[in-house]
>>> print(open('protein_6.txt').read())   # compact mmCIF, C-alpha atoms
# COMPACT_ATOMS: atom_id res chain seq x y z
CA MET A 19 0.00 0.00 0.00
CA LEU A 20 2.82 2.39 0.88
CA ASN A 21 4.49 1.74 -2.50
CA GLN A 22 1.22 2.33 -4.36
CA ALA A 23 0.62 5.57 -2.48
CA THR A 24 4.14 6.72 -3.37
CA LEU A 25 3.54 5.93 -7.04
CA GLU A 26 0.25 7.84 -7.05
CA LYS A 27 1.93 10.88 -5.50
CA LEU A 28 4.76 10.77 -8.05
CA HIS A 29 2.20 10.76 -10.87
CA ALA A 30 0.23 13.56 -9.19
CA LEU A 31 3.45 15.59 -9.06
CA LYS A 32 3.94 14.81 -12.78
CA LEU A 33 7.17 12.94 -12.00
CA THR A 34 6.26 10.31 -14.58
CA GLY A 35 9.81 9.27 -15.37
CA MET A 36 10.64 8.85 -11.71
CA ALA A 37 7.46 6.84 -11.14
CA ALA A 38 8.36 4.46 -13.96
CA ALA A 39 11.88 4.06 -12.58
CA TYR A 40 10.53 3.45 -9.07
CA GLU A 41 8.25 0.70 -10.39
CA ARG A 42 11.24 -0.93 -12.09
CA GLN A 43 13.20 -0.76 -8.86
CA LEU A 44 10.39 -2.54 -7.02
CA GLU A 45 10.54 -5.35 -9.60
CA GLU A 46 14.33 -5.80 -9.50
CA PRO A 47 15.54 -7.49 -6.27
CA GLU A 48 19.21 -6.68 -6.94
CA ILE A 49 18.42 -2.97 -6.60
CA ARG A 50 17.82 -3.53 -2.88
CA GLY A 51 21.54 -4.04 -2.42
CA LEU A 52 22.22 -0.43 -3.37
CA SER A 53 22.42 2.40 -0.88
CA PHE A 54 19.63 4.96 -0.55
CA GLU A 55 21.81 7.57 -2.27
CA GLU A 56 22.49 5.22 -5.20
CA ARG A 57 18.83 4.30 -5.63
CA PHE A 58 17.72 7.90 -5.38
CA GLY A 59 20.38 8.93 -7.89
CA LEU A 60 19.06 6.33 -10.36
CA LEU A 61 15.51 7.68 -9.92
CA VAL A 62 16.65 11.24 -10.61
CA ASP A 63 18.70 10.14 -13.65
CA CYS A 64 15.75 8.25 -15.10
CA HIS A 65 13.38 11.17 -14.65
CA TRP A 66 15.92 13.56 -16.18
CA THR A 67 16.27 11.30 -19.23
CA TRP A 68 12.49 10.97 -19.51
CA ARG A 69 12.05 14.75 -19.47
CA GLU A 70 14.77 15.25 -22.09
CA ASN A 71 13.17 12.65 -24.36
CA GLN A 72 9.75 14.27 -23.94
CA ALA A 73 11.15 17.69 -24.76
CA LEU A 74 12.92 16.32 -27.85
CA ALA A 75 9.73 14.64 -29.04
CA ARG A 76 7.88 17.97 -28.72
CA ARG A 77 10.59 19.86 -30.60
CA LEU A 78 10.62 17.30 -33.40
CA LYS A 79 6.84 17.44 -33.70
CA LYS A 80 6.85 21.24 -33.87
CA SER A 81 9.71 21.22 -36.39
CA LYS A 82 7.44 19.70 -39.09
CA LEU A 83 10.37 17.71 -40.39
CA ASP A 84 8.77 15.06 -42.58
CA ARG A 85 11.61 12.65 -41.85
CA GLU A 86 14.37 12.35 -39.30
CA PRO A 87 17.67 11.90 -41.15
CA CYS A 88 20.69 11.76 -38.85
CA VAL A 89 24.11 13.34 -39.29
CA GLU A 90 25.56 9.99 -38.20
CA ASP A 91 24.28 8.55 -41.50
CA ILE A 92 25.95 11.10 -43.81
CA ASN A 93 27.90 9.29 -46.50
CA TYR A 94 31.00 11.42 -47.03
CA ARG A 95 32.34 9.04 -49.66
CA TYR A 96 29.48 9.60 -52.08
CA PRO A 97 30.80 11.74 -54.99
CA ARG A 98 28.86 15.01 -54.72
CA GLN A 99 31.78 17.44 -54.47
CA MET A 100 30.83 18.89 -51.09
CA ASP A 101 33.43 20.05 -48.57
CA ALA A 102 33.39 17.16 -46.09
CA ALA A 103 35.38 19.09 -43.47
CA THR A 104 32.82 21.91 -43.47
CA VAL A 105 29.90 19.51 -43.20
CA ARG A 106 31.55 17.64 -40.31
CA SER A 107 32.09 20.93 -38.47
CA LEU A 108 28.37 21.71 -38.82
CA THR A 109 27.32 18.51 -37.06
CA THR A 110 28.29 20.06 -33.70
CA SER A 111 25.51 22.71 -34.00
CA GLN A 112 28.05 25.42 -33.12
CA TRP A 113 26.72 27.31 -36.15
CA VAL A 114 23.40 27.65 -34.30
CA VAL A 115 25.17 29.05 -31.23
CA GLU A 116 26.87 31.61 -33.51
CA HIS A 117 23.59 32.43 -35.34
CA ARG A 118 25.12 31.53 -38.69
CA GLY A 119 23.19 30.38 -41.75
CA ILE A 120 23.69 27.59 -44.27
CA LEU A 121 23.02 27.91 -48.01
CA LEU A 122 22.87 24.51 -49.71
CA THR A 123 22.68 24.43 -53.50
CA GLY A 124 22.89 21.71 -56.13
CA PRO A 125 20.95 19.78 -58.76
CA THR A 126 17.88 17.74 -57.95
CA GLY A 127 18.52 14.36 -56.40
CA ILE A 128 21.98 15.21 -55.07
CA GLY A 129 20.82 15.03 -51.44
CA LYS A 130 20.83 18.66 -50.32
CA THR A 131 17.41 18.47 -48.62
CA TRP A 132 18.40 15.28 -46.81
CA LEU A 133 21.65 16.88 -45.64
CA ALA A 134 19.89 20.06 -44.53
CA GLU A 135 17.30 18.07 -42.59
CA ALA A 136 20.04 15.98 -40.96
CA LEU A 137 21.85 19.13 -39.77
CA VAL A 138 18.74 20.80 -38.36
CA GLN A 139 17.55 17.52 -36.81
CA LYS A 140 20.90 17.42 -34.97
CA ALA A 141 20.27 20.98 -33.80
CA CYS A 142 16.87 19.80 -32.55
CA ARG A 143 18.54 16.96 -30.66
CA ASP A 144 20.94 19.51 -29.17
CA GLY A 145 18.05 21.45 -27.67
CA TYR A 146 17.24 24.07 -30.31
CA SER A 147 13.82 24.79 -31.78
CA VAL A 148 13.47 24.08 -35.50
CA LEU A 149 10.94 24.81 -38.24
CA TYR A 150 11.07 23.11 -41.64
CA ARG A 151 8.94 24.42 -44.51
CA PRO A 152 9.23 24.03 -48.28
CA ALA A 153 9.28 27.56 -49.71
CA ALA A 154 5.95 27.16 -51.54
CA LYS A 155 4.20 25.97 -48.36
CA LEU A 156 5.82 28.70 -46.26
CA PHE A 157 4.52 31.44 -48.55
CA ARG A 158 1.12 29.75 -48.75
CA ASP A 159 0.94 29.56 -44.95
CA LEU A 160 1.88 33.22 -44.62
CA ALA A 161 -0.65 34.27 -47.27
CA GLY A 162 -3.33 32.43 -45.29
CA ALA A 163 -2.15 34.11 -42.09
CA ARG A 164 -2.36 37.50 -43.77
CA ALA A 165 -5.93 36.73 -44.86
CA ASP A 166 -7.12 35.73 -41.39
CA GLY A 167 -5.25 38.47 -39.56
CA SER A 168 -2.68 36.24 -37.84
CA LEU A 169 0.36 37.21 -39.93
CA GLY A 170 1.99 39.12 -37.07
CA ARG A 171 1.76 36.12 -34.74
CA SER A 172 3.11 33.79 -37.44
CA LEU A 173 6.10 36.05 -38.12
CA ASP A 174 6.77 36.39 -34.39
CA ALA A 175 6.80 32.59 -34.03
CA ILE A 176 9.23 32.25 -36.94
CA ALA A 177 11.45 34.99 -35.48
CA ARG A 178 11.65 33.12 -32.15
CA THR A 179 12.57 29.78 -33.77
CA ASP A 180 16.27 28.97 -33.42
CA VAL A 181 16.62 27.32 -36.84
CA LEU A 182 14.44 27.96 -39.89
CA LEU A 183 14.90 25.56 -42.82
CA VAL A 184 13.34 26.72 -46.10
CA ASP A 185 13.53 24.04 -48.77
CA ASP A 186 13.57 24.71 -52.54
CA PHE A 187 14.02 28.45 -52.15
CA ALA A 188 13.74 30.65 -55.27
CA MET A 189 12.48 27.83 -57.47
CA ALA A 190 9.91 30.26 -58.89
CA PRO A 191 10.00 34.08 -59.04
CA LEU A 192 8.69 35.68 -55.85
CA ASN A 193 5.71 37.99 -56.07
CA ASP A 194 5.68 41.32 -54.27
CA SER A 195 4.03 40.11 -51.05
CA GLU A 196 6.34 37.07 -50.89
CA ARG A 197 9.55 39.04 -51.23
CA ARG A 198 8.40 41.67 -48.74
CA VAL A 199 7.41 39.12 -46.11
CA PHE A 200 10.63 37.17 -46.66
CA LEU A 201 12.63 40.37 -46.19
CA GLU A 202 10.89 40.78 -42.84
CA ILE A 203 11.78 37.19 -41.93
CA ALA A 204 15.41 37.65 -42.98
CA ASP A 205 15.63 40.96 -41.10
CA ASP A 206 14.13 39.49 -37.91
CA ARG A 207 16.56 36.58 -37.95
CA TYR A 208 19.75 38.33 -39.06
CA GLY A 209 22.37 38.03 -36.34
CA ARG A 210 19.82 36.53 -33.92
CA ARG A 211 18.84 33.13 -35.30
CA SER A 212 20.04 30.63 -37.93
CA THR A 213 18.46 30.23 -41.35
CA VAL A 214 19.07 27.28 -43.69
CA LEU A 215 18.08 27.43 -47.36
CA THR A 216 18.26 24.77 -50.05
CA SER A 217 17.86 25.48 -53.75
CA GLN A 218 18.47 23.91 -57.11
CA LEU A 219 19.58 27.33 -58.33
CA PRO A 220 23.01 28.79 -57.49
CA VAL A 221 22.98 31.71 -55.09
CA ALA A 222 23.98 34.02 -57.95
CA SER A 223 20.57 33.36 -59.56
CA TRP A 224 18.51 34.21 -56.47
CA HIS A 225 18.62 37.96 -57.05
CA ALA A 226 16.66 37.67 -60.31
CA GLN A 227 14.17 35.25 -58.75
CA ILE A 228 13.47 37.56 -55.82
CA GLY A 229 12.67 40.32 -58.27
CA ASP A 230 12.71 43.88 -56.96
CA PRO A 231 16.45 44.84 -57.01
CA THR A 232 16.36 46.84 -53.77
CA ILE A 233 14.53 44.15 -51.80
CA ALA A 234 16.69 41.43 -53.37
CA ASP A 235 19.84 43.25 -52.30
CA SER A 236 18.52 43.56 -48.75
CA ILE A 237 17.48 39.90 -48.52
CA LEU A 238 20.69 38.52 -49.96
CA ASP A 239 22.86 40.79 -47.83
CA ARG A 240 21.24 39.29 -44.73
CA LEU A 241 21.28 35.71 -46.00
CA GLU A 242 24.82 35.58 -47.37
CA HIS A 243 26.62 37.42 -44.60
CA ASN A 244 28.14 35.01 -42.10
CA ALA A 245 26.57 31.95 -43.79
CA TYR A 246 28.19 28.68 -44.80
CA ARG A 247 27.80 27.99 -48.51
CA ILE A 248 27.77 24.36 -49.58
CA GLU A 249 27.59 23.84 -53.34
CA MET A 250 26.94 20.22 -54.25
CA SER A 251 27.31 18.63 -57.65
CA GLY A 252 27.38 15.18 -59.18
CA GLU A 253 25.04 12.48 -60.36
CA SER A 254 21.60 12.14 -58.80
CA THR A 255 21.56 9.56 -56.04
CA ARG A 256 18.12 8.46 -57.26
CA ARG A 257 19.59 7.25 -60.53
CA LYS A 258 22.81 5.86 -59.12
CA ASN A 259 21.50 4.01 -56.07
CA LYS A 260 19.59 0.77 -56.01
CA PRO A 261 16.00 0.98 -54.78
CA GLY A 262 15.94 1.72 -51.05
CA GLU A 263 19.52 2.99 -50.91
CA ALA A 264 18.98 6.57 -52.02
CA GLU A 265 17.99 8.00 -48.66
CA ALA A 266 20.94 6.41 -46.89
CA ASN A 267 23.14 8.46 -49.20
CA GLY A 268 21.07 11.57 -48.79
CA GLY A 269 19.15 11.03 -51.97
CA ARG A 270 16.35 13.53 -51.69
CA SER A 271 16.81 16.82 -53.52
>>> encode(input="protein_6.txt", output="structure tokens")
Amino acid sequence: MLNQATLEKLHALKLTGMAAAYERQLEEPEIRGLSFEERFGLLVDCHWTWRENQALARRLKKSKLDREPCVEDINYRYPRQMDAATVRSLTTSQWVVEHRGILLTGPTGIGKTWLAEALVQKACRDGYSVLYRPAAKLFRDLAGARADGSLGRSLDAIARTDVLLVDDFAMAPLNDSERRVFLEIADDRYGRRSTVLTSQLPVASWHAQIGDPTIADSILDRLEHNAYRIEMSGESTRRKNKPGEAEANGGRS
């Protein structure tokens, strides 16, 4: 009865991880040979791990990453002409601490989206908030927010996010509202948060796609300054890999 009452109180206090660890201790006779300090330390460690896992699960859900590629699975031997030393340095998430951006460009199928998602997923695992949106969906979401009067709240949420990943940027020319709202995003994040962009077009072509020369200059000045540029090239992993192997090599655009 005393054990059950203790468990109920732990749950009432929302110490779910500790409650689960306490139940395991009750079922493992060898635990009784440990001192009180050792047993209590194990309970605290288990609850700490449980809380960290819960927080990570929430961050991953909010990130809207449609997959969870891992930096541990990056194939540096695949011939796509990227600077392996630079990519390895980015797996520490120090670039997020320094509020630096990443601009990933290359042809379709080379694996730039996979690599970008792997880097931001690592940032998520390291405790940073992340938001992934394909450019077309991002602009569609913001247009909807403008229509229902929630644009300010949406932009504030983006500004507070540690890492913003915009996939397939500048694939189509931006209209006036898109370039103006993206300038606001870039301005809010410049020097404060990290922005990651992927594109099939080289950075030199983005100016024309953005459109208005003055706004394009302002956007690119904020994006390019203090950003890592990774230009990938080579054969599409979709064509080169056997079925099922493409993603292991980072085979999504």
>>> atom_distance(input="protein_6.txt", atom1="atom CA of Leu33 of chain A", atom2="atom CA of Leu60 of chain A")
13.7 Å
>>> atom_distance(input="protein_6.txt", atom1="atom CA of Ser212 of chain A", atom2="atom CA of His243 of chain A")
11.6 Å
>>> residues_near_point(input="protein_6.txt", point="(23.7, 28.0, -30.5)", cutoff="9 Å", atoms="all atoms listed in the file", output="PyMOL selection string")
chain A and resi 111-117+141+146+180+211-212
>>> write_last_selection(input="protein_6.txt", atoms="C-alpha atoms", output="mmCIF file, keeping the file's coordinate frame")
data_model
loop_
_atom_site.group_PDB
_atom_site.id
_atom_site.type_symbol
_atom_site.label_atom_id
_atom_site.label_comp_id
_atom_site.auth_asym_id
_atom_site.auth_seq_id
_atom_site.Cartn_x
_atom_site.Cartn_y
_atom_site.Cartn_z
ATOM 1 C CA SER A 111 25.510 22.710 -34.000
ATOM 2 C CA GLN A 112 28.050 25.420 -33.120
ATOM 3 C CA TRP A 113 26.720 27.310 -36.150
ATOM 4 C CA VAL A 114 23.400 27.650 -34.300
ATOM 5 C CA VAL A 115 25.170 29.050 -31.230
ATOM 6 C CA GLU A 116 26.870 31.610 -33.510
ATOM 7 C CA HIS A 117 23.590 32.430 -35.340
ATOM 8 C CA ALA A 141 20.270 20.980 -33.800
ATOM 9 C CA TYR A 146 17.240 24.070 -30.310
ATOM 10 C CA ASP A 180 16.270 28.970 -33.420
ATOM 11 C CA ARG A 211 18.840 33.130 -35.300
ATOM 12 C CA SER A 212 20.040 30.630 -37.930
#
>>> atom_distance(input="protein_6.txt", atom1="atom CA of Glu249 of chain A", atom2="atom CA of Ala190 of chain A")
19.6 Å
>>> residues_around(input="protein_6.txt", residues="Ala175 of chain A", least_positions_apart="3", cutoff="12 Å", atoms="all atoms listed in the file", output="ChimeraX atom specification")
/A:80-81,147-149,160,168-172,178-182,203,206-207
>>> residues_near_point(input="protein_6.txt", point="(8.9, 43.8, -47.6)", cutoff="12 Å", atoms="only C-alpha atoms", output="list in words")
Leu192, Asn193, Asp194, Ser195, Glu196, Arg197, Arg198, Val199, Phe200, Leu201, Glu202, Ile203, Ala204, Asp205, Asp206, Ile228, Gly229, Asp230, Thr232, Ile233, Ala234, Asp235, Ser236 and Ile237 of chain A
>>> closest_residue(input="protein_6.txt", among="A:Ala73, A:Leu238, A:Ala226, A:Ala245", to="Asp144 of chain A", atoms="only C-alpha atoms")
A:Ala73
>>> closest_residue(input="protein_6.txt", among="A:Leu121, A:Ala103, A:Ala75, A:Ile176", to="Thr216 of chain A", atoms="only C-alpha atoms")
A:Leu121
>>> residues_around(input="protein_6.txt", residues="Tyr246 of chain A", least_positions_apart="4", cutoff="8 Å", atoms="all atoms listed in the file", output="NGL selection string")
:A and (118-121)
